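Text of data_24.cif, listed as mmCIF, C-alpha atoms:
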```cif
data_model
loop_
_atom_site.label_atom_id
_atom_site.label_comp_id
_atom_site.auth_asym_id
_atom_site.auth_seq_id
_atom_site.Cartn_x
_atom_site.Cartn_y
_atom_site.Cartn_z
CA MET A 1 -24.10 -28.25 36.94
CA PHE A 2 -21.61 -30.04 34.71
CA SER A 3 -22.97 -30.71 31.23
CA LEU A 4 -21.38 -33.45 29.11
CA ASN A 5 -22.79 -32.01 25.88
CA ARG A 6 -21.44 -28.56 26.69
CA PHE A 7 -18.06 -30.10 27.51
CA LYS A 8 -17.98 -31.93 24.16
CA TYR A 9 -18.83 -28.75 22.27
CA LYS A 10 -16.06 -26.86 24.05
CA LEU A 11 -13.60 -29.67 23.36
CA VAL A 12 -14.41 -29.78 19.65
CA ALA A 13 -14.20 -25.97 19.46
CA LEU A 14 -10.80 -26.00 21.17
CA ILE A 15 -9.41 -28.65 18.82
CA THR A 16 -10.81 -26.80 15.79
CA VAL A 17 -9.23 -23.50 16.84
CA PHE A 18 -5.94 -25.28 17.46
CA PHE A 19 -5.81 -26.84 14.01
CA ILE A 20 -6.91 -23.59 12.33
CA THR A 21 -3.94 -21.95 14.04
CA VAL A 22 -1.65 -24.80 13.01
CA SER A 23 -2.88 -24.64 9.41
CA GLY A 24 -2.16 -20.93 9.35
CA THR A 25 1.36 -21.57 10.57
CA PHE A 26 1.85 -24.28 7.93
CA THR A 27 0.55 -21.99 5.20
CA THR A 28 2.98 -19.25 6.21
CA ALA A 29 5.86 -21.70 6.30
CA LEU A 30 5.03 -23.14 2.89
CA ALA A 31 4.56 -19.76 1.28
CA SER A 32 7.72 -18.21 2.69
CA ASP A 33 11.20 -18.39 1.24
CA GLY A 34 12.63 -18.85 4.73
CA HIS A 35 15.46 -20.83 6.14
CA GLU A 36 13.59 -24.14 6.31
CA GLU A 37 12.86 -24.18 2.58
CA LYS A 38 16.48 -23.62 1.65
CA LYS A 39 17.84 -26.04 4.20
CA GLY A 40 15.23 -28.73 3.68
CA PHE A 41 12.78 -30.02 6.22
CA ASN A 42 14.23 -32.54 8.68
CA ALA A 43 11.26 -34.49 10.06
CA LYS A 44 13.39 -36.54 12.45
CA GLU A 45 14.91 -33.43 14.03
CA VAL A 46 11.52 -31.75 14.44
CA ILE A 47 9.78 -34.82 15.90
CA LEU A 48 12.57 -35.67 18.35
CA GLY A 49 12.84 -32.00 19.30
CA HIS A 50 9.19 -32.01 20.39
CA VAL A 51 9.13 -35.30 22.32
CA LYS A 52 12.47 -35.13 24.17
CA ASP A 53 13.33 -33.13 27.27
CA ALA A 54 14.99 -29.71 27.07
CA HIS A 55 16.50 -26.99 29.25
CA ASP A 56 14.03 -24.42 27.96
CA TRP A 57 10.34 -24.46 27.09
CA HIS A 58 9.94 -23.94 23.36
CA ILE A 59 6.45 -22.64 22.61
CA VAL A 60 6.38 -21.65 18.91
CA ASP A 61 8.50 -20.29 16.06
CA LEU A 62 7.37 -17.01 14.52
CA GLY A 63 9.50 -16.75 11.39
CA GLU A 64 13.08 -16.54 12.62
CA THR A 65 11.97 -15.73 16.17
CA HIS A 66 11.95 -18.60 18.68
CA VAL A 67 9.41 -18.03 21.44
CA THR A 68 10.84 -19.88 24.43
CA VAL A 69 10.67 -19.70 28.20
CA PRO A 70 14.13 -20.14 29.80
CA LEU A 71 14.38 -22.53 32.75
CA PRO A 72 16.83 -22.60 35.67
CA VAL A 73 20.13 -24.39 35.11
CA ILE A 74 21.55 -25.89 38.31
CA ILE A 75 25.02 -27.45 38.01
CA TYR A 76 27.13 -28.99 40.75
CA HIS A 77 30.86 -29.14 40.01
CA PRO A 78 33.00 -31.23 42.41
CA GLU A 79 35.65 -28.49 42.50
CA ARG A 80 33.77 -25.28 41.68
CA GLY A 81 30.65 -26.05 43.69
CA MET A 82 27.11 -25.04 42.77
CA SER A 83 26.27 -22.80 39.78
CA MET A 84 22.80 -21.45 39.03
CA PHE A 85 21.79 -19.38 36.00
CA SER A 86 19.14 -19.12 33.29
CA SER A 87 19.23 -21.43 30.28
CA SER A 88 18.93 -18.31 28.09
CA LYS A 89 22.66 -17.75 28.73
CA PHE A 90 23.36 -20.60 26.31
CA HIS A 91 21.52 -18.74 23.49
CA HIS A 92 19.88 -21.97 22.24
CA GLY A 93 23.19 -23.85 22.38
CA HIS A 94 25.20 -21.32 20.38
CA ASP A 95 27.31 -20.02 23.29
CA SER A 96 28.96 -21.33 26.43
CA TYR A 97 28.54 -19.68 29.82
CA GLU A 98 30.81 -19.83 32.88
CA GLY A 99 32.68 -22.77 31.39
CA TYR A 100 29.55 -24.80 30.64
CA ARG A 101 27.94 -25.59 27.32
CA LEU A 102 24.65 -27.09 26.18
CA VAL A 103 25.44 -29.87 23.72
CA ASP A 104 23.56 -29.87 20.41
CA GLY A 105 24.10 -31.38 16.97
CA HIS A 106 25.91 -28.34 15.58
CA TYR A 107 28.42 -28.35 18.44
CA LEU A 108 29.09 -32.09 18.05
CA ALA A 109 29.62 -31.68 14.31
CA SER A 110 31.98 -28.70 14.75
CA LYS A 111 34.13 -30.60 17.26
CA GLY A 112 34.03 -33.97 15.52
CA LEU A 113 32.24 -35.58 18.44
CA THR A 114 29.37 -38.06 18.56
CA ALA A 115 26.16 -38.22 20.57
CA ALA A 116 27.43 -41.45 22.14
CA GLN A 117 30.24 -39.45 23.76
CA TYR A 118 28.16 -36.43 24.73
CA PRO A 119 24.36 -36.84 24.40
CA GLU A 120 22.49 -33.96 22.81
CA GLY A 121 20.71 -31.82 25.39
CA SER A 122 23.27 -32.52 28.11
CA ILE A 123 25.45 -29.88 29.75
CA ILE A 124 29.22 -30.33 29.83
CA GLU A 125 32.22 -28.38 31.07
CA VAL A 126 34.39 -26.77 28.37
CA ASP A 127 37.77 -25.02 28.41
CA THR A 128 38.66 -21.61 27.01
CA ASN A 129 38.78 -23.09 23.50
CA ASP A 130 35.26 -24.48 23.87
CA ASN A 131 36.51 -28.08 24.00
CA PRO A 132 35.11 -30.64 26.47
CA THR A 133 37.25 -31.11 29.57
CA GLY A 134 35.80 -34.52 30.40
CA GLN A 135 35.10 -33.43 33.98
CA LYS A 136 32.09 -35.15 35.52
CA ILE A 137 29.46 -32.66 36.63
CA TYR A 138 25.99 -33.13 38.09
CA ASP A 139 23.05 -31.55 36.28
CA TRP A 140 20.18 -30.82 38.68
CA SER A 141 18.47 -28.37 36.36
CA ILE A 142 14.74 -27.72 36.17
CA THR A 143 14.11 -29.05 32.66
CA LYS A 144 10.88 -28.81 30.69
CA ASN A 145 9.67 -32.20 31.88
CA ILE A 146 10.43 -31.41 35.51
CA ALA A 147 8.68 -28.04 35.23
CA PHE A 148 5.56 -29.69 33.82
CA LEU A 149 5.72 -32.44 36.44
CA LEU A 150 5.69 -29.76 39.12
CA PHE A 151 2.86 -27.95 37.33
CA GLY A 152 0.88 -31.18 36.99
CA SER A 153 1.41 -31.96 40.68
CA VAL A 154 0.27 -28.51 41.75
CA LEU A 155 -2.74 -28.75 39.44
CA LEU A 156 -3.65 -32.17 40.88
CA VAL A 157 -3.48 -30.90 44.47
CA PHE A 158 -5.48 -27.77 43.57
CA LEU A 159 -8.26 -29.71 41.83
CA MET A 160 -8.56 -32.32 44.57
CA LEU A 161 -8.61 -29.63 47.27
CA GLN A 162 -11.44 -27.94 45.38
CA VAL A 163 -13.39 -31.21 45.37
CA ALA A 164 -12.68 -31.75 49.08
CA LYS A 165 -13.80 -28.19 49.80
CA ALA A 166 -17.07 -28.82 47.96
CA TYR A 167 -17.71 -31.88 50.15
CA ARG A 168 -16.98 -29.90 53.31
CA ILE A 169 -19.37 -27.14 52.28
CA ARG A 170 -22.16 -29.19 50.74
CA GLY A 171 -21.74 -32.46 52.60
CA HIS A 172 -22.01 -35.94 51.14
CA ARG A 173 -25.81 -36.05 51.25
CA GLN A 174 -26.34 -33.31 48.65
CA ALA A 175 -26.00 -33.85 44.92
CA PRO A 176 -22.56 -32.80 43.60
CA LYS A 177 -22.20 -29.76 41.37
CA GLY A 178 -19.68 -28.46 38.86
CA PHE A 179 -16.28 -30.15 38.81
CA GLN A 180 -17.28 -32.25 41.81
CA SER A 181 -19.97 -33.94 39.71
CA LEU A 182 -17.34 -34.87 37.12
CA VAL A 183 -14.84 -36.31 39.58
CA GLU A 184 -17.14 -38.13 42.01
CA PRO A 185 -18.22 -40.93 39.58
CA VAL A 186 -14.57 -41.54 38.71
CA ILE A 187 -13.59 -41.78 42.38
CA ILE A 188 -16.46 -44.15 43.16
CA PHE A 189 -15.70 -46.30 40.11
CA MET A 190 -11.98 -46.58 40.97
CA ARG A 191 -12.85 -47.46 44.57
CA ASP A 192 -15.59 -50.00 43.86
CA GLU A 193 -14.40 -51.54 40.59
CA VAL A 194 -10.61 -51.34 40.86
CA VAL A 195 -9.38 -51.23 44.46
CA ARG A 196 -11.95 -53.26 46.39
CA PRO A 197 -12.13 -56.26 44.00
CA ASN A 198 -8.33 -56.53 43.79
CA ILE A 199 -7.41 -55.60 47.38
CA PRO A 200 -10.27 -57.02 49.45
CA GLY A 201 -10.94 -56.37 53.09
CA ALA A 202 -10.03 -53.45 55.32
CA LYS A 203 -6.55 -53.28 53.82
CA GLY A 204 -8.02 -52.25 50.49
CA GLU A 205 -9.51 -49.06 51.90
CA LYS A 206 -6.14 -47.64 52.87
CA TYR A 207 -4.89 -48.08 49.30
CA VAL A 208 -7.76 -46.11 47.74
CA PRO A 209 -6.01 -42.70 48.06
CA PHE A 210 -2.79 -44.16 46.64
CA ILE A 211 -4.46 -45.70 43.59
CA LEU A 212 -6.54 -42.55 42.99
CA THR A 213 -3.41 -40.39 43.19
CA ILE A 214 -1.64 -42.54 40.60
CA PHE A 215 -4.66 -42.47 38.31
CA PHE A 216 -5.28 -38.72 38.43
CA PHE A 217 -1.58 -37.84 38.29
CA ILE A 218 -1.04 -39.88 35.13
CA LEU A 219 -4.31 -38.67 33.61
CA ILE A 220 -3.51 -34.99 34.19
CA ASN A 221 -0.03 -35.33 32.70
CA ASN A 222 -1.39 -37.33 29.75
CA LEU A 223 -3.90 -34.56 29.01
CA LEU A 224 -1.33 -31.79 29.51
CA GLY A 225 0.90 -33.56 26.97
CA LEU A 226 -1.80 -33.03 24.31
CA VAL A 227 -1.76 -29.26 24.77
CA PRO A 228 0.28 -27.58 21.99
CA GLY A 229 3.69 -26.49 23.24
CA SER A 230 3.57 -28.58 26.41
CA ALA A 231 5.98 -31.28 27.58
CA ASN A 232 5.80 -34.97 26.76
CA VAL A 233 6.02 -36.01 30.42
CA THR A 234 4.46 -39.48 30.45
CA GLY A 235 6.17 -40.20 27.11
CA ASN A 236 9.52 -39.96 28.92
CA ILE A 237 10.78 -43.32 30.14
CA ALA A 238 12.48 -41.75 33.17
CA VAL A 239 9.09 -40.50 34.41
CA THR A 240 7.31 -43.80 33.81
CA ALA A 241 10.23 -45.64 35.45
CA ALA A 242 9.81 -43.49 38.57
CA LEU A 243 6.05 -44.19 38.63
CA ALA A 244 6.70 -47.92 38.18
CA LEU A 245 9.26 -47.82 41.00
CA ILE A 246 6.67 -46.24 43.32
CA SER A 247 4.21 -49.01 42.44
CA PHE A 248 6.92 -51.62 43.00
CA ILE A 249 7.72 -50.21 46.46
CA ALA A 250 4.02 -50.27 47.37
CA MET A 251 3.80 -53.86 46.13
CA MET A 252 6.88 -54.95 48.14
CA ALA A 253 5.52 -53.22 51.26
CA ALA A 254 2.35 -55.31 50.96
CA THR A 255 4.10 -58.68 50.71
CA ASN A 256 4.07 -61.30 53.45
CA ARG A 257 5.75 -64.64 54.13
CA HIS A 258 3.05 -66.52 52.23
CA PHE A 259 3.77 -64.50 49.12
CA TRP A 260 7.51 -65.19 49.26
CA GLY A 261 6.80 -68.81 50.14
CA HIS A 262 4.78 -69.09 46.93
CA ILE A 263 7.67 -67.51 44.99
CA PHE A 264 10.50 -69.68 46.31
CA ASN A 265 8.45 -72.78 47.09
CA PRO A 266 5.66 -72.95 44.49
CA PRO A 267 3.02 -75.70 44.94
CA VAL A 268 4.36 -77.92 42.16
CA PRO A 269 6.31 -81.21 42.09
CA GLY A 270 9.88 -80.99 43.40
CA GLY A 271 11.60 -81.26 40.02
CA VAL A 272 9.55 -78.41 38.62
CA LYS A 273 10.29 -76.12 41.59
CA VAL A 274 13.85 -75.64 40.36
CA ILE A 275 12.55 -74.25 37.08
CA LEU A 276 9.46 -72.42 38.30
CA ALA A 277 10.98 -70.62 41.32
CA PRO A 278 13.41 -68.47 39.23
CA VAL A 279 10.59 -67.72 36.78
CA GLU A 280 8.33 -66.56 39.61
CA LEU A 281 11.11 -64.41 41.05
CA ILE A 282 11.78 -62.80 37.67
CA GLY A 283 8.06 -62.15 37.38
CA VAL A 284 8.17 -60.00 40.51
CA PHE A 285 10.51 -57.56 38.76
CA THR A 286 8.96 -57.74 35.30
CA LYS A 287 5.64 -56.42 36.61
CA PRO A 288 6.86 -52.84 37.20
CA VAL A 289 8.88 -53.02 34.00
CA SER A 290 5.72 -53.81 32.06
CA LEU A 291 3.98 -50.81 33.69
CA MET A 292 6.89 -48.57 32.74
CA ILE A 293 7.14 -49.64 29.11
CA ARG A 294 3.38 -49.79 28.45
CA LEU A 295 2.72 -46.20 29.55
CA PHE A 296 5.88 -44.82 27.94
CA ALA A 297 5.40 -46.58 24.58
CA ASN A 298 1.71 -45.77 24.15
CA ILE A 299 2.01 -42.07 24.97
CA LEU A 300 5.22 -41.58 22.97
CA ALA A 301 3.80 -43.43 19.96
CA GLY A 302 0.74 -41.18 19.89
CA HIS A 303 2.86 -38.02 19.91
CA ILE A 304 5.13 -39.34 17.17
CA ILE A 305 2.19 -40.29 14.95
CA ILE A 306 0.61 -36.83 15.28
CA LEU A 307 3.91 -35.07 14.60
CA SER A 308 4.64 -37.40 11.67
CA ILE A 309 1.31 -36.57 10.03
CA ILE A 310 1.97 -32.84 10.53
CA SER A 311 5.46 -33.26 9.07
CA LEU A 312 3.98 -34.64 5.85
CA VAL A 313 2.76 -31.12 5.01
CA PHE A 314 6.32 -29.80 5.07
CA ILE A 315 7.69 -32.84 3.26
CA PHE A 316 5.18 -32.45 0.41
CA GLY A 317 5.64 -28.69 0.51
CA SER A 318 9.40 -29.01 0.06
CA LEU A 319 8.74 -31.01 -3.11
CA ASN A 320 5.96 -28.81 -4.45
CA LYS A 321 4.03 -25.94 -2.84
CA VAL A 322 0.77 -27.03 -4.48
CA ALA A 323 1.21 -30.52 -3.02
CA GLY A 324 1.84 -28.99 0.39
CA TYR A 325 -1.31 -26.86 0.23
CA GLY A 326 -3.31 -29.81 -1.11
CA PHE A 327 -2.24 -32.13 1.70
CA LEU A 328 -2.97 -29.54 4.41
CA PRO A 329 -6.75 -30.30 4.78
CA ILE A 330 -6.02 -34.03 4.90
CA THR A 331 -3.49 -33.46 7.66
CA ILE A 332 -5.97 -31.43 9.70
CA VAL A 333 -8.67 -34.12 9.43
CA PHE A 334 -6.26 -36.94 10.29
CA ASN A 335 -4.88 -35.06 13.28
CA ILE A 336 -8.32 -34.21 14.63
CA VAL A 337 -9.09 -37.94 14.57
CA MET A 338 -5.74 -38.74 16.19
CA MET A 339 -6.25 -36.10 18.88
CA MET A 340 -9.63 -37.57 19.77
CA LEU A 341 -8.02 -41.03 19.88
CA GLU A 342 -5.21 -39.70 22.07
CA LEU A 343 -7.78 -38.30 24.48
CA LEU A 344 -9.19 -41.81 24.81
CA VAL A 345 -5.70 -43.29 25.20
CA ALA A 346 -4.91 -40.75 27.94
CA PHE A 347 -7.79 -42.10 30.05
CA ILE A 348 -7.18 -45.76 29.17
CA GLN A 349 -3.47 -45.70 30.03
CA ALA A 350 -4.08 -43.95 33.35
CA PHE A 351 -6.73 -46.56 34.20
CA ILE A 352 -4.54 -49.51 33.14
CA PHE A 353 -1.58 -48.31 35.22
CA ALA A 354 -3.74 -47.75 38.31
CA ASN A 355 -5.68 -51.00 37.81
CA LEU A 356 -2.58 -53.16 37.38
CA THR A 357 -0.96 -51.51 40.39
CA ALA A 358 -4.00 -52.53 42.46
CA VAL A 359 -3.83 -56.06 40.99
CA PHE A 360 -0.13 -56.42 41.83
CA ILE A 361 -0.64 -55.14 45.38
CA GLY A 362 -3.51 -57.57 45.84
CA GLN A 363 -1.36 -60.44 44.59
CA ALA A 364 1.40 -59.44 47.02
CA MET A 365 -1.08 -59.82 49.91
CA GLU A 366 -1.54 -63.48 49.10
CA HIS A 367 -2.64 -65.55 52.06
CA GLN A 368 -1.72 -69.10 52.92
CA GLY A 369 -3.50 -71.53 50.64
CA ASP A 370 -4.30 -68.90 47.98
CA HIS A 371 -2.30 -70.49 45.18
CA HIS A 372 -4.95 -70.20 42.49
CA HIS A 373 -4.64 -67.59 39.72
#
```

Would you encode the structure as structure tokens?
Amino acid sequence: MFSLNRFKYKLVALITVFFITVSGTFTTALASDGHEEKKGFNAKEVILGHVKDAHDWHIVDLGETHVTVPLPVIIYHPERGMSMFSSSKFHHGHDSYEGYRLVDGHYLASKGLTAAQYPEGSIIEVDTNDNPTGQKIYDWSITKNIAFLLFGSVLLVFLMLQVAKAYRIRGHRQAPKGFQSLVEPVIIFMRDEVVRPNIPGAKGEKYVPFILTIFFFILINNLLGLVPGSANVTGNIAVTAALALISFIAMMAATNRHFWGHIFNPPVPGGVKVILAPVELIGVFTKPVSLMIRLFANILAGHIIILSIISLVFIFGSLNKVAGYGFLPITIVFNIVMMMLELLVAFIQAFIFANLTAVFIGQAMEHQGDHHH
């Protein structure tokens, strides 16, 4: 039987172990005379390096050793065709391979180029002198975000199949156990408090699986993003844009002539129609945009705040080792609080996205005469 108190104890223990490990890493970094101390700590580079996408999965740095998992690079060249190889061939951006190079800041500086010309993290074609050819290529690589999206999707399907299996074995008349007891109240709440009030009638029932899928998919990826070394999936605007596009397609599929009649012929005096109709039409497209930006901004902001607080240890340590050691306990306490807050945000943002999607679909099913708000 699932125990909430036992779950809380395990969660606190996991966070404590994580920050003890982090504090040990910070202590080693502050006490060493390594490369970072001589070069100076660049907080911007570290923070952006953790929140942006990459062609390999960077786990941790052990001294001068970078523990990474290489990911497949898939390039389509209009003339040379398809090329597939491991991202380890780039040696963290230091080398080119088969006429392709991974762009980083050092390469741009050495060639006098800017990130506006060739964005960092992109793959370009180079000649024998390692200069960009300008040839347009298509990067279909499995990046860190894509890998974690696939992992999150597989995890979602696995967990839901386990719950479905429990219902098949135990039936719906018996009390749920284990993970089933944790998920069932969430499913019932989303069905009764989110979908049915916003999408009434028989049509609402067919949208329950869709809304639940959106909720659990976002929730799982939000929680995975809090695991040290994982990808910042829902903090990537391309991912949230894709989710918002799916919601927009579902909303457009639910529209009818009464909905579009309300958009282009709102129930207002004739002179006001000219002003209100374009506003209503713009509102149709701003709804998914608001979903996209809200999820992206909240998740990304949380990651940046946590990384910024951690970076303060290195910033103080670069000024004075005693200051770095002294600020370390404060950083741990602040980040434990932020991690707990981010856990709450992970659930809230998944709920808001799913709830607003249900609201927008319900509004798109507007019937004749339903012009009230």

**Message:** Please enumerate the residues selected by the PyMOL selection byres ((chain A and resi 80) around 12) when evaluated against the supplied file, formatted as a VMD selection string.
**Reply:** chain A and resid 75 to 79 81 to 84 98 to 100 125 135 to 138

**Request:** Tell me which residues the PyMOL selection byres ((chain A and resi 207-209) around 10) grabs here, as an NGL selection string.
**Result:** :A and (187 or 190-192 or 194-196 or 199 or 202-206 or 210-215 or 250 or 358 or 361)

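Closest to Asn131 in chain A among A:Ile146, A:Leu328, A:Ile315, A:Val103 is A:Val103, based on all atoms listed in the file.
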
**Message:** Once the PyMOL selection byres ((chain A and resi 106) around 12) has been evaluated on this model, what residues remain selected, and can you format them as a ChimeraX atom specification?
**Reply:** /A:92-95,102-105,107-115,120-121

Output for the residues just chosen: C-alpha atoms as a PDB file, in the coordinates of the input:
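File produced: out_34.pdb:
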```
ATOM      1  CA  HIS A  92      19.880 -21.970  22.240  1.00  0.00           C
ATOM      2  CA  GLY A  93      23.190 -23.850  22.380  1.00  0.00           C
ATOM      3  CA  HIS A  94      25.200 -21.320  20.380  1.00  0.00           C
ATOM      4  CA  ASP A  95      27.310 -20.020  23.290  1.00  0.00           C
ATOM      5  CA  LEU A 102      24.650 -27.090  26.180  1.00  0.00           C
ATOM      6  CA  VAL A 103      25.440 -29.870  23.720  1.00  0.00           C
ATOM      7  CA  ASP A 104      23.560 -29.870  20.410  1.00  0.00           C
ATOM      8  CA  GLY A 105      24.100 -31.380  16.970  1.00  0.00           C
ATOM      9  CA  TYR A 107      28.420 -28.350  18.440  1.00  0.00           C
ATOM     10  CA  LEU A 108      29.090 -32.090  18.050  1.00  0.00           C
ATOM     11  CA  ALA A 109      29.620 -31.680  14.310  1.00  0.00           C
ATOM     12  CA  SER A 110      31.980 -28.700  14.750  1.00  0.00           C
ATOM     13  CA  LYS A 111      34.130 -30.600  17.260  1.00  0.00           C
ATOM     14  CA  GLY A 112      34.030 -33.970  15.520  1.00  0.00           C
ATOM     15  CA  LEU A 113      32.240 -35.580  18.440  1.00  0.00           C
ATOM     16  CA  THR A 114      29.370 -38.060  18.560  1.00  0.00           C
ATOM     17  CA  ALA A 115      26.160 -38.220  20.570  1.00  0.00           C
ATOM     18  CA  GLU A 120      22.490 -33.960  22.810  1.00  0.00           C
ATOM     19  CA  GLY A 121      20.710 -31.820  25.390  1.00  0.00           C
TER      20      GLY A 121
END
```

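Of note, CA of Val289 in chain A and CA of Leu245 in chain A are spaced 8.7 Å apart.
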
**Request:** Could you jot down the CA of Asn335 in chain A to CA of Leu312 in chain A separation for me, Å, one decimal place?
**Result:** 11.6 Å
